[in-house]
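Engineer: Following this line is structure.txt, made up of compact mmCIF, C-alpha atoms and all ligand atoms:
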# COMPACT_ATOMS: atom_id res chain seq x y z
CA MET U 1 -211.44 99.39 -9.34
CA ALA U 2 -208.71 101.85 -8.47
CA ASP U 3 -205.61 101.09 -10.51
CA ILE U 4 -201.96 102.10 -10.46
CA ARG U 5 -202.44 105.35 -12.34
CA SER U 6 -205.93 105.85 -13.64
CA THR U 7 -207.68 108.62 -11.73
CA TYR U 8 -208.14 110.78 -14.82
CA SER U 9 -210.02 108.22 -16.91
CA GLU U 10 -211.85 106.86 -13.87
CA GLN U 11 -213.23 110.26 -13.00
CA LEU U 12 -214.72 110.45 -16.48
CA ASP U 13 -215.82 106.81 -16.43
CA PHE U 14 -214.07 106.87 -19.78
CA PHE U 15 -214.03 103.15 -20.51
CA GLY U 16 -217.47 102.28 -19.17
CA PRO U 17 -218.16 99.28 -16.93
CA GLN U 18 -215.74 96.96 -18.74
CA GLY U 19 -212.68 99.01 -17.88
CA PRO U 20 -209.50 99.27 -19.94
CA ARG U 21 -208.08 95.81 -19.28
CA ARG U 22 -211.24 94.02 -20.43
CA LEU U 23 -211.40 96.22 -23.53
CA ALA U 24 -207.78 95.41 -24.31
CA GLU U 25 -208.49 91.69 -23.88
CA THR U 26 -211.67 91.71 -25.92
CA PHE U 27 -210.50 93.85 -28.83
CA GLY U 28 -206.73 93.41 -28.70
CA THR U 29 -204.06 96.11 -28.65
CA PRO U 30 -203.04 98.62 -29.81
CA LEU U 31 -206.56 99.95 -29.58
CA TYR U 32 -207.98 103.46 -29.93
CA VAL U 33 -210.89 103.90 -27.53
CA TYR U 34 -213.21 106.89 -27.94
CA ASN U 35 -215.76 108.17 -25.45
CA GLU U 36 -218.95 109.62 -26.93
CA SER U 37 -219.86 111.71 -23.92
CA VAL U 38 -216.49 113.52 -23.93
CA LEU U 39 -216.79 114.13 -27.68
CA ARG U 40 -220.26 115.60 -27.37
CA SER U 41 -219.27 117.88 -24.51
CA ARG U 42 -216.36 119.31 -26.51
CA CYS U 43 -218.63 120.00 -29.46
CA ARG U 44 -221.07 121.83 -27.21
CA GLU U 45 -218.35 123.85 -25.55
CA LEU U 46 -217.14 125.06 -28.95
CA LYS U 47 -220.61 125.86 -30.19
CA GLY U 48 -221.09 127.94 -27.06
CA LEU U 49 -218.16 130.23 -27.89
CA SER U 50 -220.51 132.78 -29.43
CA ALA U 51 -224.26 133.26 -29.58
CA HIS U 52 -223.93 135.38 -32.72
CA PRO U 53 -226.52 134.01 -35.19
CA GLY U 54 -223.89 133.62 -37.91
CA PHE U 55 -221.40 131.79 -35.69
CA GLY U 56 -220.58 128.16 -36.39
CA VAL U 57 -217.96 125.49 -35.77
CA ASN U 58 -216.26 123.87 -38.74
CA TYR U 59 -214.66 120.63 -37.56
CA SER U 60 -211.32 119.99 -39.23
CA VAL U 61 -211.62 116.35 -40.22
CA LYS U 62 -207.87 115.75 -40.56
CA ALA U 63 -207.67 115.33 -36.77
CA ASN U 64 -209.85 112.22 -36.82
CA ALA U 65 -211.94 111.01 -39.72
CA ASN U 66 -213.62 107.99 -38.18
CA PRO U 67 -217.16 107.95 -39.64
CA ALA U 68 -218.76 107.11 -36.28
CA LEU U 69 -217.21 110.23 -34.76
CA LEU U 70 -218.15 112.32 -37.79
CA ARG U 71 -221.78 111.29 -37.39
CA ILE U 72 -221.79 112.34 -33.73
CA ILE U 73 -220.14 115.62 -34.66
CA LYS U 74 -222.83 116.18 -37.30
CA ASP U 75 -225.51 115.36 -34.77
CA GLU U 76 -224.07 118.07 -32.51
CA GLY U 77 -224.59 120.62 -35.29
CA LEU U 78 -221.03 121.21 -36.43
CA VAL U 79 -220.06 121.54 -40.08
CA VAL U 80 -216.83 120.15 -41.57
CA ASP U 81 -213.88 120.91 -43.78
CA ALA U 82 -212.23 118.58 -46.26
CA MET U 83 -208.67 118.76 -47.41
CA SER U 84 -208.52 115.84 -49.82
CA PRO U 85 -210.83 113.81 -52.05
CA GLY U 86 -210.85 111.14 -49.33
CA GLU U 87 -212.05 113.54 -46.64
CA LEU U 88 -214.64 114.98 -49.01
CA HIS U 89 -215.97 111.52 -49.74
CA LEU U 90 -216.21 110.72 -46.02
CA ASP U 91 -217.93 114.00 -45.17
CA LEU U 92 -220.59 113.37 -47.80
CA ALA U 93 -220.95 109.70 -46.84
CA CYS U 94 -221.55 110.73 -43.22
CA GLY U 95 -224.45 112.93 -44.26
CA PHE U 96 -222.96 116.40 -44.43
CA GLY U 97 -224.54 118.32 -47.31
CA PRO U 98 -222.32 120.20 -49.80
CA GLU U 99 -223.27 123.48 -48.13
CA GLN U 100 -221.94 122.09 -44.82
CA ILE U 101 -218.50 121.35 -46.24
CA LEU U 102 -215.64 123.70 -47.10
CA TYR U 103 -212.80 122.34 -49.19
CA ILE U 104 -209.74 123.89 -47.54
CA SER U 105 -206.65 122.41 -49.05
CA ASN U 106 -203.49 123.42 -50.86
CA ASN U 107 -201.53 122.63 -54.00
CA ASN U 108 -204.39 120.83 -55.66
CA SER U 109 -204.59 119.34 -59.11
CA ARG U 110 -207.28 120.53 -61.53
CA GLU U 111 -208.99 117.15 -61.09
CA GLU U 112 -209.16 117.61 -57.33
CA MET U 113 -210.67 121.06 -57.73
CA GLN U 114 -213.12 119.72 -60.28
CA GLY U 115 -214.15 117.00 -57.81
CA ALA U 116 -215.15 119.63 -55.23
CA VAL U 117 -216.90 121.79 -57.84
CA ASP U 118 -218.87 118.81 -59.19
CA ARG U 119 -220.14 118.09 -55.71
CA GLY U 120 -221.22 121.69 -55.15
CA VAL U 121 -218.65 122.28 -52.41
CA LEU U 122 -217.08 125.69 -51.93
CA LEU U 123 -213.30 125.57 -52.26
CA SER U 124 -210.64 127.79 -50.76
CA VAL U 125 -207.44 128.51 -52.69
CA ASP U 126 -204.26 129.52 -50.95
CA SER U 127 -202.08 130.94 -53.70
CA LEU U 128 -202.48 133.17 -56.74
CA ALA U 129 -201.43 130.26 -58.95
CA GLN U 130 -204.20 128.07 -57.49
CA LEU U 131 -206.72 130.88 -57.90
CA ASP U 132 -205.77 131.07 -61.56
CA THR U 133 -206.12 127.30 -61.96
CA TYR U 134 -209.47 127.36 -60.17
CA GLY U 135 -210.66 130.14 -62.47
CA ALA U 136 -209.88 127.91 -65.44
CA VAL U 137 -211.65 124.92 -63.83
CA ASN U 138 -214.76 126.81 -62.70
CA PRO U 139 -215.02 130.12 -64.59
CA GLY U 140 -217.86 132.28 -63.30
CA GLY U 141 -218.06 130.19 -60.11
CA SER U 142 -217.59 131.01 -56.44
CA VAL U 143 -214.39 130.70 -54.46
CA MET U 144 -212.86 131.33 -51.06
CA VAL U 145 -209.38 132.73 -50.55
CA ARG U 146 -207.03 131.78 -47.73
CA LEU U 147 -205.11 134.75 -46.41
CA ASN U 148 -201.97 134.72 -44.34
CA PRO U 149 -202.51 137.28 -41.57
CA GLY U 150 -198.80 137.41 -40.75
CA ILE U 151 -199.35 136.09 -37.22
CA GLY U 152 -198.51 132.45 -36.53
CA ALA U 153 -198.86 130.21 -33.47
CA GLY U 154 -198.35 126.56 -32.67
CA HIS U 155 -196.68 123.90 -30.54
CA ASP U 156 -193.94 123.17 -33.08
CA SER U 157 -192.55 125.02 -36.10
CA LYS U 158 -193.96 122.21 -38.25
CA VAL U 159 -197.52 123.24 -37.40
CA VAL U 160 -197.27 127.05 -37.48
CA THR U 161 -199.24 127.95 -40.59
CA ALA U 162 -199.14 131.71 -40.85
CA GLY U 163 -196.38 134.30 -40.87
CA SER U 164 -193.45 134.39 -43.27
CA GLU U 165 -192.04 130.93 -42.50
CA THR U 166 -194.84 128.85 -43.93
CA LYS U 167 -196.14 127.72 -47.29
CA PHE U 168 -199.73 128.68 -46.48
CA GLY U 169 -202.01 131.49 -47.52
CA ILE U 170 -201.85 134.60 -49.67
CA SER U 171 -200.24 137.68 -48.22
CA PRO U 172 -202.63 140.63 -47.73
CA GLU U 173 -200.24 142.68 -49.88
CA ALA U 174 -201.30 140.57 -52.84
CA ILE U 175 -204.99 141.47 -52.52
CA ASP U 176 -204.91 143.52 -55.72
CA ASP U 177 -203.62 140.49 -57.60
CA VAL U 178 -206.40 138.41 -56.06
CA LEU U 179 -208.98 140.95 -57.19
CA ALA U 180 -207.53 140.99 -60.71
CA LEU U 181 -207.72 137.19 -60.98
CA LEU U 182 -211.29 137.15 -59.66
CA GLN U 183 -212.13 139.69 -62.33
CA ARG U 184 -210.34 137.83 -65.10
CA HIS U 185 -212.23 134.58 -64.41
CA GLY U 186 -215.56 136.14 -63.48
CA LEU U 187 -215.32 134.57 -60.03
CA THR U 188 -217.45 135.51 -57.03
CA LEU U 189 -215.56 135.91 -53.77
CA ALA U 190 -217.76 133.86 -51.43
CA GLY U 191 -215.45 133.72 -48.46
CA VAL U 192 -212.08 134.22 -46.83
CA ASN U 193 -210.27 132.01 -44.37
CA GLN U 194 -207.08 131.67 -42.41
CA HIS U 195 -205.44 129.24 -39.99
CA ILE U 196 -202.58 130.52 -37.89
CA GLY U 197 -201.34 127.18 -36.55
CA SER U 198 -202.05 124.31 -34.27
CA LEU U 199 -202.20 124.31 -30.47
CA PHE U 200 -202.27 127.62 -28.72
CA MET U 201 -203.06 127.75 -24.99
CA GLU U 202 -203.48 131.55 -24.77
CA SER U 203 -206.06 133.32 -26.88
CA GLU U 204 -204.09 136.51 -27.71
CA SER U 205 -202.60 135.54 -31.08
CA TYR U 206 -205.83 134.01 -32.27
CA VAL U 207 -207.92 137.02 -31.33
CA GLU U 208 -205.34 139.34 -32.85
CA ALA U 209 -205.43 137.36 -36.08
CA VAL U 210 -209.25 137.49 -36.06
CA GLN U 211 -209.03 141.25 -35.95
CA VAL U 212 -206.42 141.35 -38.72
CA LEU U 213 -208.68 139.29 -40.99
CA LEU U 214 -211.72 141.41 -40.19
CA ASP U 215 -209.74 144.57 -40.98
CA ILE U 216 -208.59 143.15 -44.31
CA VAL U 217 -212.11 142.11 -45.25
CA ARG U 218 -213.44 145.53 -44.34
CA GLY U 219 -210.99 147.05 -46.78
CA LEU U 220 -212.30 145.02 -49.73
CA PRO U 221 -214.05 146.92 -52.53
CA PRO U 222 -217.80 147.12 -51.71
CA ASP U 223 -218.86 144.88 -54.62
CA ARG U 224 -216.48 142.14 -53.38
CA PHE U 225 -217.51 142.61 -49.76
CA ALA U 226 -221.15 142.30 -50.74
CA THR U 227 -220.83 138.70 -51.97
CA LEU U 228 -219.03 137.34 -48.91
CA ARG U 229 -220.92 134.69 -46.99
CA VAL U 230 -218.17 132.92 -45.01
CA ILE U 231 -215.36 134.26 -42.84
CA ASP U 232 -213.41 131.39 -41.32
CA PHE U 233 -210.82 132.19 -38.64
CA GLY U 234 -209.22 128.76 -38.52
CA GLY U 235 -208.49 126.35 -35.70
CA GLY U 236 -205.57 125.68 -33.38
CA PHE U 237 -207.38 125.61 -30.02
CA GLY U 238 -205.07 123.75 -27.66
CA ILE U 239 -205.83 121.14 -25.02
CA PRO U 240 -203.78 120.48 -21.87
CA TYR U 241 -201.74 117.34 -22.51
CA LYS U 242 -200.17 117.32 -19.05
CA LYS U 243 -203.25 115.98 -17.32
CA TYR U 244 -201.50 114.59 -14.24
CA GLU U 245 -199.65 117.85 -13.67
CA GLY U 246 -202.93 119.72 -13.70
CA GLU U 247 -201.99 121.84 -16.73
CA ALA U 248 -204.45 124.72 -17.13
CA ARG U 249 -207.02 124.61 -19.90
CA LEU U 250 -207.31 127.22 -22.61
CA ASP U 251 -209.70 129.81 -21.20
CA MET U 252 -212.59 129.21 -23.57
CA ALA U 253 -214.95 131.58 -21.77
CA ASP U 254 -212.47 134.43 -22.26
CA LEU U 255 -211.78 133.46 -25.88
CA GLY U 256 -215.49 133.20 -26.59
CA ARG U 257 -216.20 136.58 -25.04
CA LYS U 258 -213.51 138.30 -27.10
CA LEU U 259 -214.53 136.56 -30.30
CA HIS U 260 -218.20 137.32 -29.75
CA GLU U 261 -217.54 140.99 -29.03
CA ARG U 262 -215.45 141.41 -32.14
CA ILE U 263 -217.73 139.68 -34.59
CA THR U 264 -220.83 141.33 -33.15
CA ALA U 265 -219.37 144.83 -33.30
CA TRP U 266 -217.91 144.22 -36.74
CA SER U 267 -221.12 142.90 -38.29
CA ALA U 268 -223.04 145.81 -36.83
CA ALA U 269 -220.51 148.27 -38.29
CA THR U 270 -220.26 146.65 -41.73
CA GLY U 271 -223.71 145.17 -42.26
CA TYR U 272 -222.20 141.73 -42.93
CA GLY U 273 -224.88 139.07 -42.61
CA GLY U 274 -222.91 135.91 -43.45
CA ARG U 275 -221.31 133.17 -41.39
CA PHE U 276 -218.34 133.33 -39.03
CA LEU U 277 -216.56 130.03 -38.50
CA VAL U 278 -213.88 128.66 -36.25
CA GLU U 279 -212.14 125.53 -37.51
CA PRO U 280 -210.85 123.37 -34.68
CA GLY U 281 -209.71 119.80 -35.11
CA ARG U 282 -207.76 118.84 -31.99
CA TYR U 283 -210.09 120.53 -29.51
CA VAL U 284 -213.05 118.54 -30.77
CA VAL U 285 -211.54 115.05 -30.65
CA ALA U 286 -208.21 114.88 -28.76
CA GLU U 287 -209.61 114.29 -25.30
CA CYS U 288 -212.25 111.78 -26.36
CA GLY U 289 -209.53 109.29 -27.31
CA ILE U 290 -207.24 107.06 -25.24
CA LEU U 291 -204.86 104.66 -26.95
CA LEU U 292 -204.48 101.32 -25.18
CA GLY U 293 -201.34 99.25 -25.55
CA ARG U 294 -199.72 96.34 -23.81
CA VAL U 295 -196.34 96.05 -22.14
CA GLN U 296 -194.44 93.18 -23.76
CA ALA U 297 -191.03 93.46 -22.14
CA VAL U 298 -189.19 95.58 -19.60
CA LYS U 299 -185.40 95.79 -19.53
CA SER U 300 -182.51 98.03 -18.59
CA ASN U 301 -179.85 99.25 -21.00
CA GLY U 302 -177.20 101.15 -19.07
CA SER U 303 -179.05 103.30 -16.60
CA THR U 304 -182.25 103.47 -18.65
CA ARG U 305 -185.25 101.33 -17.87
CA TYR U 306 -187.02 100.58 -21.15
CA VAL U 307 -190.68 99.69 -21.13
CA GLY U 308 -191.35 97.90 -24.41
CA THR U 309 -194.91 98.15 -25.74
CA ASP U 310 -196.91 97.56 -28.89
CA ILE U 311 -197.44 101.32 -29.29
CA GLY U 312 -194.92 102.11 -31.99
CA PHE U 313 -194.77 105.39 -33.85
CA ASN U 314 -196.72 103.72 -36.63
CA VAL U 315 -199.68 103.87 -34.23
CA LEU U 316 -199.06 107.28 -32.65
CA ALA U 317 -196.60 109.48 -34.54
CA ARG U 318 -196.86 112.69 -32.51
CA PRO U 319 -194.13 112.05 -29.89
CA VAL U 320 -191.57 111.15 -32.55
CA LEU U 321 -192.60 113.78 -35.04
CA TYR U 322 -192.95 116.78 -32.71
CA ASP U 323 -191.56 115.59 -29.38
CA SER U 324 -195.13 115.81 -28.16
CA PHE U 325 -196.03 114.92 -24.60
CA HIS U 326 -198.88 112.49 -23.94
CA ASP U 327 -199.69 111.46 -20.40
CA ILE U 328 -199.71 107.76 -19.66
CA GLU U 329 -202.02 105.79 -17.40
CA ILE U 330 -201.13 102.35 -16.06
CA TYR U 331 -203.74 99.64 -15.65
CA ALA U 332 -202.32 96.69 -13.76
CA GLY U 333 -205.51 95.19 -12.46
CA SER U 334 -204.45 95.96 -8.89
CA SER U 335 -203.67 99.08 -6.96
CA ALA U 336 -200.76 97.63 -4.98
CA PRO U 337 -198.35 100.56 -4.67
CA ARG U 338 -195.25 100.66 -6.85
CA GLU U 339 -192.15 102.78 -6.64
CA THR U 340 -192.07 105.83 -8.91
CA ILE U 341 -188.98 105.76 -11.13
CA PRO U 342 -187.83 107.23 -14.45
CA GLN U 343 -188.77 105.04 -17.39
CA THR U 344 -188.53 105.30 -21.14
CA VAL U 345 -191.60 103.92 -22.85
CA VAL U 346 -190.91 102.64 -26.35
CA GLY U 347 -192.73 100.87 -29.17
CA ASN U 348 -192.03 97.92 -31.44
CA ILE U 349 -190.64 99.73 -34.48
CA CYS U 350 -187.08 99.14 -35.66
CA GLU U 351 -185.76 102.60 -34.91
CA SER U 352 -184.10 103.92 -31.76
CA GLY U 353 -186.23 107.02 -32.06
CA ASP U 354 -189.38 104.99 -31.47
CA ILE U 355 -189.96 106.60 -28.09
CA LEU U 356 -193.35 107.41 -26.65
CA ALA U 357 -192.08 108.93 -23.40
CA ARG U 358 -188.47 109.55 -22.41
CA ASP U 359 -187.26 109.29 -18.80
CA ARG U 360 -190.80 109.71 -17.57
CA LEU U 361 -191.32 109.51 -13.80
CA LEU U 362 -194.02 106.88 -13.41
CA PRO U 363 -194.90 104.04 -11.05
CA ALA U 364 -192.76 101.06 -12.12
CA ILE U 365 -194.39 99.49 -15.16
CA VAL U 366 -194.16 95.72 -15.53
CA GLN U 367 -194.73 93.19 -18.27
CA GLY U 368 -198.43 92.50 -18.78
CA ASP U 369 -199.60 95.96 -17.74
CA VAL U 370 -201.96 97.74 -20.06
CA LEU U 371 -201.06 101.37 -20.75
CA GLY U 372 -203.39 104.19 -21.75
CA VAL U 373 -201.99 107.06 -23.77
CA LEU U 374 -204.21 110.03 -23.02
CA ASP U 375 -205.48 112.66 -25.46
CA ALA U 376 -204.88 110.42 -28.45
CA GLY U 377 -208.13 111.20 -30.26
CA ALA U 378 -206.60 113.90 -32.47
CA TYR U 379 -203.86 113.15 -34.99
CA GLY U 380 -203.57 109.64 -33.60
CA PHE U 381 -205.25 107.13 -35.86
CA SER U 382 -205.42 109.73 -38.64
CA MET U 383 -201.59 109.77 -38.81
CA ALA U 384 -201.05 106.04 -38.25
CA SER U 385 -199.17 104.08 -40.90
CA ASN U 386 -198.16 100.59 -41.95
CA TYR U 387 -194.47 101.21 -41.33
CA ASN U 388 -192.63 97.94 -40.68
CA GLN U 389 -195.74 96.32 -42.21
CA ARG U 390 -197.53 96.58 -38.91
CA LEU U 391 -201.30 96.65 -39.11
CA LEU U 392 -203.46 99.67 -38.43
CA PRO U 393 -205.13 99.39 -35.01
CA ALA U 394 -208.82 98.94 -34.29
CA GLU U 395 -211.03 101.73 -32.96
CA VAL U 396 -213.77 101.27 -30.36
CA LEU U 397 -216.42 103.76 -29.31
CA VAL U 398 -217.79 103.72 -25.77
CA GLY U 399 -221.34 104.98 -26.22
CA LEU U 400 -223.42 107.09 -23.86
CA ASP U 401 -224.69 103.88 -22.26
CA GLY U 402 -221.12 102.76 -21.53
CA ALA U 403 -221.24 99.94 -24.07
CA PRO U 404 -218.24 99.59 -26.39
CA ARG U 405 -218.61 98.92 -30.11
CA ILE U 406 -216.03 98.50 -32.82
CA VAL U 407 -216.13 101.45 -35.18
CA ARG U 408 -213.14 100.33 -37.23
CA ARG U 409 -211.92 96.77 -37.18
CA ARG U 410 -208.25 96.00 -36.99
CA GLN U 411 -206.58 95.90 -40.38
CA THR U 412 -205.67 92.45 -41.68
CA ILE U 413 -202.61 91.46 -43.69
CA GLN U 414 -204.95 91.03 -46.68
CA ASP U 415 -206.24 94.61 -46.26
CA MET U 416 -202.70 95.89 -46.08
CA LEU U 417 -201.67 94.11 -49.25
CA ALA U 418 -204.88 94.82 -51.17
CA CYS U 419 -203.18 97.29 -53.50
CA CYS U 420 -200.17 95.10 -54.32
CA GLU U 421 -199.69 92.54 -57.02
CA THR U 422 -200.78 89.16 -55.70
CA VAL U 423 -198.34 87.99 -53.04
N1 LIG S 1 -207.71 124.31 -40.46
C1 LIG S 1 -206.63 124.11 -41.24
C2 LIG S 1 -206.55 124.75 -42.54
C3 LIG S 1 -205.60 123.27 -40.79
O1 LIG S 1 -204.53 123.07 -41.55
C4 LIG S 1 -205.71 122.65 -39.52
C5 LIG S 1 -204.65 121.77 -39.02
C6 LIG S 1 -206.86 122.89 -38.75
C7 LIG S 1 -207.84 123.75 -39.25
C8 LIG S 1 -207.09 122.28 -37.40
O2 LIG S 1 -206.09 122.61 -36.49
P1 LIG S 1 -206.24 122.16 -34.95
O3 LIG S 1 -207.47 122.86 -34.39
O4 LIG S 1 -206.42 120.70 -34.92
O5 LIG S 1 -204.99 122.59 -34.31
N2 LIG S 1 -200.47 116.76 -36.71
C9 LIG S 1 -200.28 117.91 -35.85
C10 LIG S 1 -201.28 119.00 -36.10
C11 LIG S 1 -201.33 119.42 -37.55
C12 LIG S 1 -202.38 120.41 -37.85
C13 LIG S 1 -202.56 120.60 -39.31
N3 LIG S 1 -203.58 121.52 -39.65
C14 LIG S 1 -200.30 117.45 -34.40
O6 LIG S 1 -200.44 116.25 -34.16
O7 LIG S 1 -200.11 118.24 -33.50
Written as C-alpha cells, that's how I'd like the structure from this file.

Structural biologist:
Amino acid sequence: MADIRSTYSEQLDFFGPQGPRRLAETFGTPLYVYNESVLRSRCRELKGLSAHPGFGVNYSVKANANPALLRIIKDEGLVVDAMSPGELHLDLACGFGPEQILYISNNNSREEMQGAVDRGVLLSVDSLAQLDTYGAVNPGGSVMVRLNPGIGAGHDSKVVTAGSETKFGISPEAIDDVLALLQRHGLTLAGVNQHIGSLFMESESYVEAVQVLLDIVRGLPPDRFATLRVIDFGGGFGIPYKKYEGEARLDMADLGRKLHERITAWSAATGYGGRFLVEPGRYVVAECGILLGRVQAVKSNGSTRYVGTDIGFNVLARPVLYDSFHDIEIYAGSSAPRETIPQTVVGNICESGDILARDRLLPAIVQGDVLGVLDAGAYGFSMASNYNQRLLPAEVLVGLDGAPRIVRRRQTIQDMLACCETV
C-alpha cells in the first residue's frame, strides 16, 4: 500500500509482503531490518569492479558484523578483515578460513597480535613500533605493512585516515626503517595496505592513492617485492544518503575501469602475481539496512516542531557524531496527504544533542507513525550502545523469499547486566 513517504523502499520491495508497520508490530522497535537481495547485489557490484584474476573484495566487518550478513557476504565470495579479537572470532565462526581474513588494526597488544598469529591470520602493522613488537611476537613470520599514501578523503575529519592529520599508517619516507626492522626480525613482507578514509563520492583521490601505493611497492628492493602476495587499497566507497533528492551514485563503472587498467598494466610491467584487494565496509551493507522506529510524541518548543521517537543516538550514532544525513521514510498506514513542514526528529536520550534530523522538510509526522531511517546498515548497529541503559535493538533479515527472520534478538536487561556484580 502506498504510504506517506515510502516510494524508495517500496520500489525495492524492501520489507517484503509484511511491510514496515507489521514488522514493527511483530518485532518491536527500534528495529534494524536488512534486505538480503540488496546486500547480494552490492557484493556483486563490487566484485565486478575488475576482472583481473588477482582482484578481490575484502569486506570491512566493522561496518556491520551480524553473523547472518557475514554468511551471505561469504557466500558471495568476498573475504573479510578483522580489527579486533571479537571481529576475528566472528569471521572464523562464520566460516571464513584464516587465509580469507586479514587482521588490519592498530595499537595492538602483544596478546592481540599473538591471537592472530596463533590462528594463522596475516596481520598488518601500522607503525614502526608495532612492527618491532610484531617481530618479537612472531620472529621469522610474515607481516603486512600499512602505508600512509599522503592522500586522505572522507565525509568528516574524524574518518579521514591518510595524510598528515591522522594517526594511521607509516609514511613512505620511513620505508628504510621498515626494511631494517623486517631484516632484524627475519620477517617476510607478505603485503602492503592503505585506507585513505571513509565515504568518497568521486573516484579521483582513491585512484590517485592506488597509483601512489603501486609506485611505492614498485620501488621496493627486488627480494622484498618478490614475497608480496597482497596489495590492499582500502575502502571508503561512498553511497548516496540523500535518496529522496536523487543524489548521484558513485560512478562504479568508471572507478572499476580505472582500477582495472592500473592493476592490469602494473602487474604486466612488474610480474606481480599476487592479490589486489579493495576493502569496503559501507558500500557493502549501508543500503541493505533500514532502521525502524516509532513516534511516541510530537510537540512544539518555540517555533520548532519536535518529533519524539525511540531512535536515540544509542541506536544510531552517526547523525550526532558526524552530523550525518539519513533520509527518513514515514509509514502511517494510509496515504492521506499531509502538509510538508520543517520538523526536528529526536530520540529518547537525555541530551539535547540527540537529534536524528534537524529542521527537516517532511510531511507532518504524527504520534503512532512508524519511521524508517534509510541506509542504516553500515555503522548503525555496529556503533550502537547501552547509553542511558537502553537495550540494544533487534535485527531482522528479510530473505530472498520476502520472509523476515530475527538474526539478533533484542537485548534484555539481564543481557545488559551480565558483566556486573549481581544486581
Ligand atoms: N579499512 C580500514 C582500515 C578502515 O579503517 C575502514 C573504516 C574501512 C576499511 C572501511 O571503510 P568504508 O568502506 O566503510 O568507508 N563510523 C564512520 C565510518 C568509520 C570508518 C572507519 N574505518 C561512519 O559511520 O561514517

Engineer: Report as a Markdown table: every residue of chain U with an atom at most 9 Å from ligand LIG 1 (chain S), its closest pair of atoms, and their distance in Å to one decimal, counting all atoms listed in the file, with rows sorted by chain and ascending residue number.

Structural biologist:
| residue | atom | partner | partner_atom | distance |
| --- | --- | --- | --- | --- |
| U:Asn58 | CA | S:LIG1 | C7 | 8.4 |
| U:Tyr59 | CA | S:LIG1 | C7 | 7.7 |
| U:Ser60 | CA | S:LIG1 | C7 | 5.1 |
| U:Val61 | CA | S:LIG1 | C8 | 8.0 |
| U:Lys62 | CA | S:LIG1 | C5 | 7.0 |
| U:Ala63 | CA | S:LIG1 | O4 | 5.8 |
| U:Asp81 | CA | S:LIG1 | N1 | 7.8 |
| U:Met83 | CA | S:LIG1 | C2 | 8.0 |
| U:Ile104 | CA | S:LIG1 | C2 | 6.0 |
| U:Ser105 | CA | S:LIG1 | C2 | 6.9 |
| U:Asn106 | CA | S:LIG1 | C2 | 9.0 |
| U:Arg146 | CA | S:LIG1 | C2 | 8.8 |
| U:Gly154 | CA | S:LIG1 | O5 | 7.9 |
| U:His155 | CA | S:LIG1 | O7 | 7.2 |
| U:Asp156 | CA | S:LIG1 | O7 | 7.9 |
| U:Lys158 | CA | S:LIG1 | C11 | 7.9 |
| U:Val159 | CA | S:LIG1 | C11 | 5.4 |
| U:Val160 | CA | S:LIG1 | C12 | 8.4 |
| U:Thr161 | CA | S:LIG1 | O1 | 7.3 |
| U:Phe168 | CA | S:LIG1 | C2 | 8.8 |
| U:Asn193 | CA | S:LIG1 | C2 | 8.4 |
| U:Gln194 | CA | S:LIG1 | C2 | 6.9 |
| U:His195 | CA | S:LIG1 | C2 | 5.3 |
| U:Ile196 | CA | S:LIG1 | C1 | 8.3 |
| U:Gly197 | CA | S:LIG1 | O5 | 6.3 |
| U:Ser198 | CA | S:LIG1 | O5 | 3.4 |
| U:Leu199 | CA | S:LIG1 | O5 | 5.0 |
| U:Phe200 | CA | S:LIG1 | O5 | 8.0 |
| U:Phe233 | CA | S:LIG1 | N1 | 8.7 |
| U:Gly234 | CA | S:LIG1 | N1 | 5.1 |
| U:Gly235 | CA | S:LIG1 | O3 | 3.9 |
| U:Gly236 | CA | S:LIG1 | O5 | 3.3 |
| U:Phe237 | CA | S:LIG1 | O3 | 5.2 |
| U:Gly238 | CA | S:LIG1 | O5 | 6.8 |
| U:Val278 | CA | S:LIG1 | C7 | 8.3 |
| U:Glu279 | CA | S:LIG1 | C7 | 5.0 |
| U:Pro280 | CA | S:LIG1 | O3 | 3.4 |
| U:Gly281 | CA | S:LIG1 | O4 | 3.4 |
| U:Arg282 | CA | S:LIG1 | O4 | 3.7 |
| U:Tyr283 | CA | S:LIG1 | O3 | 6.0 |
| U:Val284 | CA | S:LIG1 | O3 | 7.9 |
| U:Val285 | CA | S:LIG1 | O4 | 8.7 |
| U:Ala286 | CA | S:LIG1 | O4 | 8.7 |
| U:Ala317 | CA | S:LIG1 | O6 | 7.8 |
| U:Arg318 | CA | S:LIG1 | O6 | 5.3 |
| U:Pro319 | CA | S:LIG1 | O6 | 8.7 |
| U:Leu321 | CA | S:LIG1 | O6 | 8.3 |
| U:Tyr322 | CA | S:LIG1 | O7 | 7.3 |
| U:Ser324 | CA | S:LIG1 | O7 | 7.7 |
| U:Ala378 | CA | S:LIG1 | O6 | 6.8 |
| U:Tyr379 | CA | S:LIG1 | O6 | 4.7 |
| U:Gly380 | CA | S:LIG1 | O6 | 7.3 |
| U:Ser382 | CA | S:LIG1 | N2 | 8.8 |
| U:Met383 | CA | S:LIG1 | N2 | 7.4 |

Engineer: When you look at Ser334 of chain U with a cut-off of 12 Å (counting only C-alpha atoms), what residues show up, excluding the ones that are within fewer than 5 positions of it in the same chain? I need them as a PyMOL selection string.

Structural biologist: chain U and resi 1-6+21+369-370

Engineer: At a cut-off of 12 Å, using all atoms listed in the file, what residues contact Leu374 of chain U? Leave out same-chain residues fewer than 2 positions from it and give the result as a PyMOL selection string.

Structural biologist: chain U and resi 5-9+14+32-35+239-244+285-293+316+324-330+356+371-372+376-378+380

Engineer: Tell me which of U:Thr412, U:Asn66, U:Ser303, U:Ser50 sits closest to Asp359 of chain U, counting all atoms listed in the file.

Structural biologist: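 Using all atoms listed in the file, Asp359 of chain U sits closest to U:Ser303.
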
Engineer: Using all atoms listed in the file, which of U:Gly150, U:Gly16, U:Gly186, U:Gly271 sits nearest Pro404 of chain U?

Structural biologist: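 Closest residue, counting all atoms listed in the file: U:Gly16.
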
Engineer: Hey, can you check how far atom CA of Arg229 of chain U sits from atom CA of Leu187 of chain U?

Structural biologist: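 Interatomic distance, atom CA of Arg229 of chain U to atom CA of Leu187 of chain U: 14.2 Å.
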
Engineer: Got a sec: who's within 9 Å of Glu208 of chain U, counting only C-alpha atoms, leaving out chain neighbours fewer than 5 positions off, as number ranges by chain?

Structural biologist: U: 151, 203, 213
